[in-house]
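Here's protein.txt, which has compact mmCIF, C-alpha atoms:
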# COMPACT_ATOMS: atom_id res chain seq x y z
CA MET A 1 -31.75 9.87 -52.68
CA LEU A 2 -29.94 12.28 -50.38
CA THR A 3 -29.34 11.26 -46.79
CA SER A 4 -31.37 14.23 -45.53
CA ASP A 5 -34.28 13.21 -47.76
CA LEU A 6 -34.01 9.63 -46.53
CA PHE A 7 -34.09 10.80 -42.91
CA GLN A 8 -37.08 13.09 -43.57
CA GLU A 9 -39.02 10.34 -45.32
CA THR A 10 -38.23 7.89 -42.51
CA TYR A 11 -39.30 10.33 -39.82
CA THR A 12 -42.57 11.07 -41.63
CA ALA A 13 -43.34 7.39 -42.12
CA VAL A 14 -42.60 6.42 -38.50
CA THR A 15 -44.59 9.31 -36.99
CA ALA A 16 -47.55 8.94 -39.39
CA ASN A 17 -49.05 6.29 -37.11
CA LYS A 18 -47.58 6.92 -33.67
CA ALA A 19 -49.70 4.34 -31.84
CA ARG A 20 -48.70 1.51 -34.15
CA SER A 21 -45.05 2.55 -34.13
CA GLY A 22 -45.11 2.75 -30.33
CA LEU A 23 -46.63 -0.70 -29.94
CA THR A 24 -44.13 -2.10 -32.46
CA MET A 25 -41.22 -0.65 -30.48
CA LEU A 26 -42.58 -2.02 -27.20
CA GLY A 27 -40.96 -5.42 -27.71
CA ILE A 28 -37.55 -3.82 -28.33
CA VAL A 29 -38.02 -1.51 -25.32
CA ILE A 30 -38.78 -4.45 -23.03
CA GLY A 31 -35.96 -6.55 -24.50
CA ILE A 32 -33.26 -3.89 -24.23
CA GLY A 33 -34.48 -2.81 -20.78
CA SER A 34 -34.37 -6.42 -19.56
CA VAL A 35 -30.87 -6.98 -20.92
CA ILE A 36 -29.55 -3.77 -19.34
CA ALA A 37 -31.15 -4.59 -15.96
CA MET A 38 -30.00 -8.22 -15.94
CA VAL A 39 -26.44 -7.40 -16.99
CA SER A 40 -26.24 -4.63 -14.37
CA ILE A 41 -27.35 -7.08 -11.65
CA GLY A 42 -24.80 -9.64 -12.80
CA GLN A 43 -21.97 -7.10 -12.95
CA GLY A 44 -22.99 -5.69 -9.57
CA ALA A 45 -22.89 -9.17 -8.04
CA GLN A 46 -19.46 -9.78 -9.57
CA SER A 47 -18.16 -6.49 -8.18
CA SER A 48 -19.55 -7.25 -4.70
CA ILE A 49 -18.05 -10.74 -4.59
CA GLU A 50 -14.63 -9.54 -5.76
CA SER A 51 -14.75 -6.71 -3.22
CA SER A 52 -15.59 -9.18 -0.44
CA ILE A 53 -12.69 -11.41 -1.41
CA GLN A 54 -10.28 -8.47 -1.63
CA SER A 55 -11.46 -7.18 1.78
CA ILE A 56 -9.87 -10.17 3.57
CA GLY A 57 -6.46 -8.96 2.42
CA SER A 58 -4.34 -8.47 -0.67
CA ASN A 59 -2.02 -11.00 -2.32
CA LEU A 60 -2.93 -13.69 0.20
CA LEU A 61 -2.30 -17.39 0.57
CA LEU A 62 -4.56 -19.06 3.15
CA ILE A 63 -3.18 -22.30 4.57
CA SER A 64 -5.65 -24.45 6.48
CA PRO A 65 -5.40 -27.98 7.94
CA GLY A 66 -6.79 -31.07 6.26
CA ALA A 67 -6.76 -34.80 6.87
CA PRO A 68 -4.31 -36.85 4.77
CA ARG A 69 -5.88 -38.77 1.91
CA GLY A 70 -5.63 -42.52 1.83
CA ALA A 71 -3.66 -44.49 -0.71
CA GLY A 72 -4.80 -43.70 -4.23
CA GLY A 73 -6.30 -40.32 -3.33
CA GLY A 74 -10.04 -39.97 -2.93
CA VAL A 75 -12.26 -37.63 -0.97
CA ASN A 76 -10.64 -35.81 1.92
CA ALA A 77 -13.49 -36.24 4.38
CA GLY A 78 -11.65 -34.82 7.35
CA ARG A 79 -10.82 -31.40 5.92
CA GLY A 80 -11.83 -28.62 8.29
CA SER A 81 -12.25 -30.91 11.29
CA VAL A 82 -8.62 -31.88 11.88
CA GLN A 83 -5.67 -30.05 13.40
CA THR A 84 -2.38 -30.43 11.57
CA LEU A 85 -0.86 -26.95 11.57
CA THR A 86 1.02 -25.37 14.46
CA LEU A 87 2.73 -22.11 15.35
CA ASP A 88 6.03 -23.78 14.51
CA ASP A 89 4.80 -24.25 10.94
CA ALA A 90 4.04 -20.54 10.75
CA GLU A 91 7.49 -19.68 12.11
CA ALA A 92 9.09 -22.08 9.63
CA ILE A 93 7.27 -20.40 6.73
CA LYS A 94 8.27 -16.98 8.03
CA SER A 95 11.95 -17.90 8.27
CA GLY A 96 12.16 -20.41 5.41
CA VAL A 97 10.40 -18.60 2.54
CA ALA A 98 12.34 -15.44 1.82
CA ALA A 99 9.95 -13.82 -0.67
CA ILE A 100 6.95 -13.46 1.63
CA LYS A 101 5.90 -10.13 3.12
CA ALA A 102 4.20 -11.23 6.36
CA VAL A 103 2.73 -14.25 8.13
CA ALA A 104 -0.25 -14.23 10.50
CA PRO A 105 -1.41 -17.51 12.08
CA ASP A 106 -4.73 -17.55 13.89
CA VAL A 107 -6.90 -19.76 16.08
CA SER A 108 -10.61 -19.21 15.43
CA ARG A 109 -13.62 -20.60 17.21
CA ARG A 110 -17.02 -19.32 18.27
CA TYR A 111 -17.64 -18.68 21.96
CA GLN A 112 -20.37 -17.19 24.10
CA VAL A 113 -19.21 -13.76 25.25
CA THR A 114 -20.74 -11.74 28.09
CA ALA A 115 -20.38 -8.15 29.24
CA LYS A 116 -22.51 -6.07 31.57
CA GLY A 117 -25.39 -8.53 31.60
CA LYS A 118 -25.48 -8.88 27.82
CA ASN A 119 -24.17 -11.80 25.82
CA THR A 120 -23.50 -12.77 22.23
CA ASN A 121 -22.10 -15.73 20.36
CA THR A 122 -19.24 -14.53 18.19
CA GLN A 123 -16.00 -15.56 16.52
CA ILE A 124 -12.91 -15.33 18.72
CA VAL A 125 -9.73 -14.92 16.68
CA GLY A 126 -6.48 -15.54 18.49
CA THR A 127 -3.69 -14.11 16.36
CA THR A 128 -0.48 -12.09 16.22
CA PRO A 129 0.22 -8.34 15.80
CA ALA A 130 0.84 -8.94 12.06
CA TYR A 131 -2.80 -9.85 11.49
CA PRO A 132 -4.13 -6.28 10.85
CA SER A 133 -1.69 -5.58 8.01
CA VAL A 134 -2.09 -9.05 6.44
CA ARG A 135 -5.91 -9.12 6.58
CA ASN A 136 -6.65 -5.41 6.01
CA VAL A 137 -7.97 -4.79 9.53
CA GLU A 138 -7.86 -1.17 10.70
CA VAL A 139 -8.27 0.01 14.27
CA ALA A 140 -10.80 2.80 14.72
CA ASP A 141 -10.38 3.33 18.47
CA GLY A 142 -7.58 2.32 20.85
CA SER A 143 -4.90 -0.03 19.53
CA PHE A 144 -4.20 -3.61 18.48
CA PHE A 145 -2.14 -5.77 20.84
CA ASN A 146 1.64 -5.90 20.39
CA GLU A 147 4.29 -8.63 20.53
CA ALA A 148 5.04 -8.01 24.22
CA GLN A 149 1.38 -8.60 25.11
CA VAL A 150 1.42 -11.84 23.12
CA LYS A 151 4.52 -13.11 24.93
CA SER A 152 3.26 -12.07 28.37
CA LEU A 153 -0.14 -13.77 27.85
CA ALA A 154 -1.90 -10.45 28.41
CA LYS A 155 -5.67 -10.94 28.53
CA VAL A 156 -6.53 -8.10 26.19
CA ALA A 157 -9.13 -7.98 23.41
CA VAL A 158 -9.91 -5.90 20.33
CA LEU A 159 -13.60 -5.85 19.38
CA ALA A 160 -15.08 -5.57 15.91
CA PRO A 161 -17.86 -2.95 15.69
CA THR A 162 -20.85 -5.32 15.51
CA THR A 163 -19.68 -7.20 18.60
CA ARG A 164 -19.21 -3.90 20.46
CA ASP A 165 -22.73 -2.79 19.48
CA ASP A 166 -24.23 -6.12 20.59
CA LEU A 167 -22.52 -6.06 23.99
CA PHE A 168 -22.37 -2.38 24.89
CA GLY A 169 -24.71 -0.54 22.56
CA GLU A 170 -24.19 1.17 19.24
CA GLY A 171 -21.10 3.38 19.13
CA ALA A 172 -20.38 2.96 22.87
CA SER A 173 -16.95 3.87 24.27
CA VAL A 174 -15.55 0.52 25.43
CA ILE A 175 -11.81 1.05 25.86
CA GLY A 176 -10.81 -0.14 29.32
CA GLN A 177 -13.98 -2.18 29.91
CA LYS A 178 -14.04 -5.98 30.14
CA VAL A 179 -15.63 -8.90 28.33
CA ARG A 180 -15.79 -12.50 29.60
CA ILE A 181 -14.90 -15.26 27.13
CA ASN A 182 -15.07 -18.89 28.29
CA GLN A 183 -15.00 -17.77 31.95
CA VAL A 184 -11.90 -15.61 31.34
CA ASP A 185 -11.99 -11.82 31.65
CA PHE A 186 -10.36 -9.76 28.87
CA LYS A 187 -9.65 -6.02 28.95
CA ILE A 188 -10.76 -4.18 25.82
CA ILE A 189 -7.92 -2.17 24.28
CA GLY A 190 -9.30 -1.41 20.80
CA VAL A 191 -12.19 -1.42 18.32
CA THR A 192 -11.71 -2.11 14.61
CA LYS A 193 -13.23 -0.25 11.67
CA SER A 194 -16.25 -1.70 9.90
CA LYS A 195 -15.48 -3.87 6.85
CA GLY A 196 -18.98 -4.99 5.94
CA GLY A 197 -20.50 -8.32 6.81
CA THR A 198 -20.63 -10.19 3.49
CA GLY A 199 -18.83 -13.05 1.83
CA PHE A 200 -16.40 -15.00 3.99
CA GLY A 201 -18.20 -14.49 7.28
CA ASN A 202 -19.09 -11.28 9.01
CA GLN A 203 -15.76 -9.58 9.61
CA ASP A 204 -17.47 -7.00 11.80
CA ASP A 205 -18.60 -9.65 14.30
CA MET A 206 -15.32 -10.83 15.84
CA ILE A 207 -13.09 -10.41 18.85
CA PHE A 208 -9.31 -10.49 18.45
CA VAL A 209 -7.11 -11.75 21.30
CA PRO A 210 -3.40 -12.69 21.48
CA ILE A 211 -2.80 -16.14 19.99
CA SER A 212 -0.86 -17.25 23.08
CA VAL A 213 -3.88 -16.50 25.28
CA ALA A 214 -6.27 -18.21 22.86
CA GLN A 215 -4.17 -21.38 22.84
CA ASN A 216 -3.64 -21.47 26.61
CA TYR A 217 -7.05 -20.37 27.92
CA LEU A 218 -9.54 -21.07 25.08
CA SER A 219 -8.53 -23.88 22.69
CA GLY A 220 -6.15 -25.61 25.14
CA ASN A 221 -3.70 -26.81 22.46
CA SER A 222 -0.93 -25.51 20.20
CA PHE A 223 -2.67 -25.97 16.85
CA VAL A 224 -3.75 -23.10 14.59
CA SER A 225 -6.82 -22.78 12.36
CA THR A 226 -5.30 -20.81 9.50
CA ILE A 227 -1.94 -19.40 8.48
CA SER A 228 -2.32 -16.26 6.35
CA VAL A 229 0.69 -15.48 4.17
CA GLN A 230 1.01 -12.19 2.31
CA SER A 231 3.20 -11.93 -0.76
CA PRO A 232 4.70 -8.67 -2.08
CA ASP A 233 2.67 -8.87 -5.31
CA ALA A 234 0.15 -11.04 -7.14
CA ASP A 235 2.73 -12.34 -9.63
CA SER A 236 4.73 -14.16 -6.97
CA LEU A 237 1.74 -15.93 -5.36
CA ALA A 238 2.12 -19.15 -7.38
CA THR A 239 5.86 -19.42 -6.70
CA ILE A 240 5.45 -18.78 -2.98
CA GLN A 241 2.61 -21.31 -2.87
CA GLN A 242 4.92 -23.99 -4.29
CA GLN A 243 7.68 -23.12 -1.82
CA ILE A 244 5.31 -23.26 1.16
CA SER A 245 3.81 -26.53 -0.03
CA GLY A 246 7.26 -28.11 -0.32
CA LEU A 247 8.30 -26.77 3.09
CA LEU A 248 5.22 -28.10 4.89
CA LEU A 249 5.40 -31.47 3.15
CA SER A 250 8.99 -31.77 4.33
CA ARG A 251 8.15 -30.70 7.90
CA HIS A 252 5.20 -33.11 8.09
CA LYS A 253 7.30 -35.91 6.49
CA ILE A 254 4.87 -36.45 3.62
CA SER A 255 6.49 -37.63 0.37
CA ASN A 256 3.33 -37.74 -1.78
CA PRO A 257 1.77 -34.27 -2.34
CA GLN A 258 -1.58 -35.98 -2.92
CA GLN A 259 -1.55 -36.99 0.75
CA ALA A 260 -0.88 -33.50 2.07
CA ASP A 261 -2.50 -32.78 5.43
CA PHE A 262 -3.08 -29.14 4.56
CA GLN A 263 -4.52 -27.07 1.75
CA ILE A 264 -3.40 -23.75 0.34
CA LEU A 265 -5.93 -21.34 -1.13
CA ASN A 266 -4.52 -18.77 -3.54
CA GLN A 267 -6.49 -15.51 -3.39
CA ALA A 268 -5.89 -14.84 -7.10
CA ASP A 269 -7.41 -18.24 -7.93
CA ILE A 270 -10.42 -17.49 -5.70
CA VAL A 271 -10.99 -14.15 -7.43
CA ALA A 272 -10.61 -15.72 -10.88
CA THR A 273 -13.04 -18.54 -10.03
CA ALA A 274 -15.59 -16.14 -8.55
CA SER A 275 -15.29 -13.86 -11.59
CA SER A 276 -15.78 -16.81 -13.92
CA VAL A 277 -18.89 -17.98 -12.08
CA THR A 278 -20.47 -14.53 -11.91
CA GLY A 279 -19.53 -13.91 -15.56
CA THR A 280 -21.37 -17.07 -16.60
CA PHE A 281 -24.28 -16.02 -14.40
CA THR A 282 -24.39 -12.61 -16.15
CA ILE A 283 -24.33 -14.17 -19.61
CA LEU A 284 -27.15 -16.52 -18.62
CA LEU A 285 -29.29 -13.62 -17.39
CA ALA A 286 -28.58 -11.60 -20.54
CA ALA A 287 -29.40 -14.59 -22.76
CA ILE A 288 -32.75 -15.11 -21.04
CA ALA A 289 -33.58 -11.43 -21.38
CA GLY A 290 -32.38 -11.48 -24.99
CA ILE A 291 -35.19 -13.85 -25.96
CA SER A 292 -37.60 -10.92 -25.69
CA LEU A 293 -35.43 -9.08 -28.24
CA ILE A 294 -36.09 -11.81 -30.80
CA VAL A 295 -39.81 -11.51 -30.11
CA GLY A 296 -39.53 -7.74 -30.55
CA GLY A 297 -37.64 -8.22 -33.82
CA ILE A 298 -40.41 -10.47 -35.16
CA GLY A 299 -42.88 -7.72 -34.28
CA ILE A 300 -40.78 -5.24 -36.26
CA MET A 301 -40.76 -7.55 -39.30
CA ASN A 302 -44.52 -8.06 -39.10
CA MET A 303 -45.15 -4.33 -38.90
CA MET A 304 -42.80 -3.59 -41.83
CA LEU A 305 -44.45 -6.25 -44.03
CA THR A 306 -47.81 -4.66 -43.30
CA THR A 307 -46.38 -1.25 -44.16
CA VAL A 308 -44.99 -2.51 -47.48
CA THR A 309 -48.41 -3.91 -48.40
CA GLU A 310 -50.18 -0.68 -47.43
CA ARG A 311 -47.74 1.47 -49.42
CA THR A 312 -47.54 -0.68 -52.56
CA ARG A 313 -48.97 2.05 -54.81
CA GLU A 314 -46.55 4.58 -53.31
CA ILE A 315 -43.67 2.24 -54.10
CA GLY A 316 -44.93 1.82 -57.68
CA LEU A 317 -45.19 5.59 -58.10
CA ARG A 318 -41.66 6.14 -56.77
CA LYS A 319 -40.26 3.57 -59.16
CA ALA A 320 -42.23 5.05 -62.06
CA ILE A 321 -40.57 8.44 -61.56
CA GLY A 322 -37.06 6.98 -61.34
CA ALA A 323 -36.45 5.54 -57.88
CA LYS A 324 -33.99 2.62 -57.89
CA ARG A 325 -34.28 -0.66 -56.02
CA ASP A 326 -31.66 0.44 -53.51
CA ASP A 327 -33.57 3.66 -52.80
CA ILE A 328 -36.74 1.71 -51.95
CA SER A 329 -34.79 -0.87 -49.96
CA ASN A 330 -32.86 1.77 -48.00
CA GLN A 331 -36.06 3.65 -47.20
CA PHE A 332 -37.79 0.70 -45.53
CA LEU A 333 -34.56 -0.49 -43.92
CA ALA A 334 -34.07 2.98 -42.43
CA GLU A 335 -37.61 2.92 -40.99
CA SER A 336 -36.93 -0.44 -39.37
CA VAL A 337 -33.60 0.70 -37.88
CA MET A 338 -35.15 3.94 -36.60
CA LEU A 339 -37.88 1.99 -34.80
CA THR A 340 -35.39 -0.34 -33.10
CA PHE A 341 -32.95 2.49 -32.35
CA ILE A 342 -35.60 4.61 -30.61
CA GLY A 343 -36.84 1.49 -28.84
CA GLY A 344 -33.28 0.74 -27.72
CA LEU A 345 -32.83 4.29 -26.42
CA ILE A 346 -36.01 4.07 -24.34
CA GLY A 347 -35.05 0.55 -23.25
CA VAL A 348 -31.69 1.73 -21.91
CA GLY A 349 -33.50 4.36 -19.81
CA ILE A 350 -35.99 1.80 -18.47
CA GLY A 351 -33.18 -0.67 -17.77
CA TRP A 352 -31.31 1.99 -15.81
CA LEU A 353 -34.43 2.83 -13.78
CA ALA A 354 -35.03 -0.88 -13.12
CA SER A 355 -31.46 -1.40 -11.89
CA ARG A 356 -31.74 1.63 -9.60
CA ALA A 357 -35.01 0.25 -8.24
CA VAL A 358 -33.37 -3.13 -7.55
CA THR A 359 -30.58 -1.39 -5.64
CA SER A 360 -32.97 0.82 -3.66
CA PHE A 361 -35.65 -1.72 -2.74
CA ALA A 362 -33.80 -5.06 -2.75
CA GLY A 363 -30.39 -3.83 -1.54
CA ILE A 364 -28.58 -5.60 -4.40
CA ASN A 365 -25.63 -3.73 -5.91
CA THR A 366 -25.97 -3.08 -9.65
CA THR A 367 -23.43 -1.70 -12.10
CA ILE A 368 -24.25 -0.30 -15.54
CA SER A 369 -21.17 -0.17 -17.73
CA MET A 370 -20.74 1.84 -20.92
CA SER A 371 -19.92 -1.38 -22.76
CA SER A 372 -23.33 -2.87 -21.90
CA VAL A 373 -25.09 0.31 -23.09
CA LEU A 374 -23.17 0.36 -26.37
CA LEU A 375 -23.84 -3.35 -26.80
CA ALA A 376 -27.56 -2.73 -26.30
CA PHE A 377 -27.57 -0.03 -28.97
CA GLY A 378 -25.61 -2.24 -31.33
CA VAL A 379 -27.98 -5.16 -30.79
CA SER A 380 -31.06 -2.98 -31.33
CA ALA A 381 -29.63 -1.58 -34.58
CA ALA A 382 -28.67 -5.08 -35.72
CA ILE A 383 -32.20 -6.32 -35.04
CA GLY A 384 -33.55 -3.45 -37.14
CA ILE A 385 -31.32 -4.46 -40.05
CA ILE A 386 -31.87 -8.23 -39.72
CA PHE A 387 -35.64 -8.15 -39.29
CA GLY A 388 -36.14 -5.22 -41.68
CA TYR A 389 -34.10 -6.71 -44.49
CA TYR A 390 -36.76 -9.08 -45.83
CA PRO A 391 -39.58 -6.48 -45.96
CA ALA A 392 -37.19 -3.97 -47.56
CA ARG A 393 -36.09 -6.45 -50.23
CA ARG A 394 -39.70 -7.40 -50.88
CA ALA A 395 -40.58 -3.75 -51.43
CA ALA A 396 -37.55 -3.21 -53.68
CA LYS A 397 -38.50 -6.15 -55.93
CA LEU A 398 -42.05 -4.96 -56.62
CA ASN A 399 -42.89 -4.45 -60.29
CA PRO A 400 -43.81 -0.76 -60.70
CA ILE A 401 -46.69 -1.48 -63.13
CA GLU A 402 -48.23 -4.14 -60.88
CA ALA A 403 -47.65 -1.93 -57.87
CA LEU A 404 -49.52 0.97 -59.47
CA ARG A 405 -52.43 -1.39 -60.28
CA TYR A 406 -52.55 -2.68 -56.68
CA GLU A 407 -55.91 -1.97 -55.00

What would you get if you wrote out this structure as structure tokens?
Amino acid sequence: MLTSDLFQETYTAVTANKARSGLTMLGIVIGIGSVIAMVSIGQGAQSSIESSIQSIGSNLLLISPGAPRGAGGGVNAGRGSVQTLTLDDAEAIKSGVAAIKAVAPDVSRRYQVTAKGKNTNTQIVGTTPAYPSVRNVEVADGSFFNEAQVKSLAKVAVLAPTTRDDLFGEGASVIGQKVRINQVDFKIIGVTKSKGGTGFGNQDDMIFVPISVAQNYLSGNSFVSTISVQSPDADSLATIQQQISGLLLSRHKISNPQQADFQILNQADIVATASSVTGTFTILLAAIAGISLIVGGIGIMNMMLTTVTERTREIGLRKAIGAKRDDISNQFLAESVMLTFIGGLIGVGIGWLASRAVTSFAGINTTISMSSVLLAFGVSAAIGIIFGYYPARRAAKLNPIEALRYE
């Protein structure tokens, strides 16, 4: 049988009973649509999380304080509530680790802030002029404070956009005005660009002040909350992490690394872990949605078995005039694949519409990749072959004489 004849016969058979063919394809349509929508949600979530992590800076090591573990290790219950890092540690890293690009220590704590009769509770970040380049902070209006202002204890502040909107109104011009933090007045010298308030805290709801002022007038001590270290590239992160760990252990006179009173987070590790978690989440969603594909495949098999029974005399006649087993088998297999292929095509369209609807109404980012679309088509075609094989073989094995006698 020629390929064109096979296609024509398949088209005629599938369209002979459009309602039954449509209902048979419905399971595949729902299955493929569900897989496309679920995978797009998972990939969108992965993209959003990775973007949030990357927004805090590139090629970063984040060093934070932690309580020393007791003998034999165990849970570090004091992590996050202790103060073990100082500005001297940051200076030692800056001068002692040659490969690093920049260092930005900071002191962070939430305070009640007032201005012109309005108030808000926001994060106050006392840091150095290197902070914007290390943590990808851009100034939209005015300027960031400089080294001279840090040394002179200048009471200046740079507002993030959400804090500005809360205190002065949306888009207000605030350069030169003042805010009061912990009973201390600060002159506003700049406003940062919006970075989006997701992931590791809302980076648009902050106020930046010189670290010297934060330590002297706000926290009242010389400790720092975090030391951000930027490496020239991602490949050198692990090496620099080891060098910093050794340096701090030596400075803090700790011989056992298991008793370190600090922790170092590697941004590459964070991204890899987040990608792994979201990847597993995506596979789980796709697997759940894929169950409906199996149900749809069973529907295809049931419909094809019914078709073989209904067309038994036709099969007998074809064999009587010379059709081979493979011709009969290929004919029914082609009908099965066409049903699943058309169902897959419609399912991809419905999955795309569903993902767009999720983005529009639920505000969740979704991403449809070409690989997921091709995978959906491949799966639908495979289902057609797998679930159409048995009916096709059953038709091919019919005895032509018995088939012609079938009532």

From the options A:Leu61, A:Ile28, A:Ile346, A:Ala16, which residue's atoms come nearest to Ile270 (chain A), counting all atoms listed in the file?
A:Leu61

Around (-36.6, 0.9, -55.5), as given in the file, which residues come within 12 Å? Count all atoms listed in the file and list them as a ChimeraX atom specification.
/A:1,312,314-333,392-400,403

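One distance worth recording is that between CA of Ala37 (chain A) and CA of Ala357 (chain A), which is 9.9 Å.
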
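If only C-alpha atoms are the atoms counted, then among A:Gln263, A:Asn136, A:Ser225, A:Ser276 the closest residue to Leu85 (chain A) is A:Ser225.
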
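Minimum atom-to-atom distances from A:Leu247, A:Leu375, A:Val179, A:Ala260 to Tyr111 (chain A) were compared using all atoms listed in the file, and the lowest value belongs to A:Val179.
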
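Counting all atoms listed in the file and comparing A:Gly384, A:Gly57, A:Gly220, A:Gly343, the residue that lies closest to Gly22 (chain A) is A:Gly343.
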
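Between Val125 (chain A) and the candidates A:Thr226, A:Thr359, A:Asn17, A:Ser236, the tightest atom-to-atom separation, counting only C-alpha atoms, involves A:Thr226.
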
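For Gly351 (chain A), the residues within 8 Å (counting all atoms listed in the file, excluding itself and residues fewer than 2 positions away along the chain) are Ile32, Gly33, Ser34, Val35, Ile36, Ala37, Gly347, Val348, Gly349, Leu353, Ala354 and Ser355 of chain A.
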
Please compute the CA of Phe387 (chain A)-CA of Ile298 (chain A) distance, one decimal, in Å.
6.7 Å

For Val134 (chain A), work out the shell of residues within 9 Å, counting only C-alpha atoms and skipping chain neighbours fewer than 5 positions away, then give it as a ChimeraX atom specification.
/A:56-60,101-104,228-230

Can you spit out the residues from that selection as a short mmCIF file (atom, residue, chain, number, x, y, z; two decimals), in the coordinates of the input, using C-alpha atoms?
data_model
loop_
_atom_site.label_atom_id
_atom_site.label_comp_id
_atom_site.auth_asym_id
_atom_site.auth_seq_id
_atom_site.Cartn_x
_atom_site.Cartn_y
_atom_site.Cartn_z
CA ILE A 56 -9.87 -10.17 3.57
CA GLY A 57 -6.46 -8.96 2.42
CA SER A 58 -4.34 -8.47 -0.67
CA ASN A 59 -2.02 -11.00 -2.32
CA LEU A 60 -2.93 -13.69 0.20
CA LYS A 101 5.90 -10.13 3.12
CA ALA A 102 4.20 -11.23 6.36
CA VAL A 103 2.73 -14.25 8.13
CA ALA A 104 -0.25 -14.23 10.50
CA SER A 228 -2.32 -16.26 6.35
CA VAL A 229 0.69 -15.48 4.17
CA GLN A 230 1.01 -12.19 2.31
#

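Reported to one decimal place, the separation of CA of Asp261 (chain A) from CA of Ser64 (chain A) is 9.0 Å.
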
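Proximity of A:Val174, A:Gln241, A:Pro391, A:Ala334 to Ser4 (chain A), computed with only C-alpha atoms, is greatest for A:Ala334.
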
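Using all atoms listed in the file, the protein and nucleic acid residues lying no more than 7 Å from region 114-120 of chain A, apart from those fewer than 4 places from it along its own chain, are A:Asp166, A:Leu167, A:Lys178, A:Val179, A:Arg180, A:Ile181.
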
Find the axis-aligned box for region 258-273 of chain A, covering all its listed atoms and adding 5 Å on each side, and write its centre and edge lengths in Å to one decimal as lines of an AutoDock Vina configuration file.
center_x = -7.0
center_y = -25.6
center_z = -2.7
size_x = 22.2
size_y = 32.8
size_z = 26.3

List as number ranges by chain the residues having at least one atom at most 10 Å from position (-22.1, -15.4, -13.1) as given in the file, counting only C-alpha atoms.
A: 39, 41-43, 45-46, 274-285

Take region 259-271 of chain A, model N, CA and C atoms, and hand the result over as a CSV table (one decimal), keeping the file's coordinate frame.
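Contents of result_33.csv, as written:
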chain,number,residue,atom,x,y,z
A,259,GLN,N,-1.2,-36.6,-0.6
A,259,GLN,CA,-1.6,-37.0,0.8
A,259,GLN,C,-1.3,-35.8,1.7
A,260,ALA,N,-1.2,-34.7,1.2
A,260,ALA,CA,-0.9,-33.5,2.1
A,260,ALA,C,-2.0,-33.3,3.1
A,261,ASP,N,-1.5,-33.0,4.3
A,261,ASP,CA,-2.5,-32.8,5.4
A,261,ASP,C,-2.8,-31.3,5.6
A,262,PHE,N,-2.7,-30.6,4.6
A,262,PHE,CA,-3.1,-29.1,4.6
A,262,PHE,C,-3.5,-28.7,3.2
A,263,GLN,N,-4.2,-27.6,3.1
A,263,GLN,CA,-4.5,-27.1,1.8
A,263,GLN,C,-4.2,-25.6,1.7
A,264,ILE,N,-3.8,-25.2,0.5
A,264,ILE,CA,-3.4,-23.8,0.3
A,264,ILE,C,-4.3,-23.1,-0.7
A,265,LEU,N,-5.0,-22.1,-0.2
A,265,LEU,CA,-5.9,-21.3,-1.1
A,265,LEU,C,-5.2,-20.1,-1.6
A,266,ASN,N,-5.1,-19.9,-2.9
A,266,ASN,CA,-4.5,-18.8,-3.5
A,266,ASN,C,-5.6,-17.7,-3.8
A,267,GLN,N,-5.5,-16.5,-3.3
A,267,GLN,CA,-6.5,-15.5,-3.4
A,267,GLN,C,-6.8,-15.2,-4.9
A,268,ALA,N,-5.7,-15.2,-5.7
A,268,ALA,CA,-5.9,-14.8,-7.1
A,268,ALA,C,-6.8,-15.9,-7.8
A,269,ASP,N,-6.6,-17.2,-7.4
A,269,ASP,CA,-7.4,-18.2,-7.9
A,269,ASP,C,-8.9,-18.1,-7.5
A,270,ILE,N,-9.1,-17.7,-6.2
A,270,ILE,CA,-10.4,-17.5,-5.7
A,270,ILE,C,-11.1,-16.4,-6.5
A,271,VAL,N,-10.4,-15.3,-6.7
A,271,VAL,CA,-11.0,-14.2,-7.4
A,271,VAL,C,-11.3,-14.6,-8.9
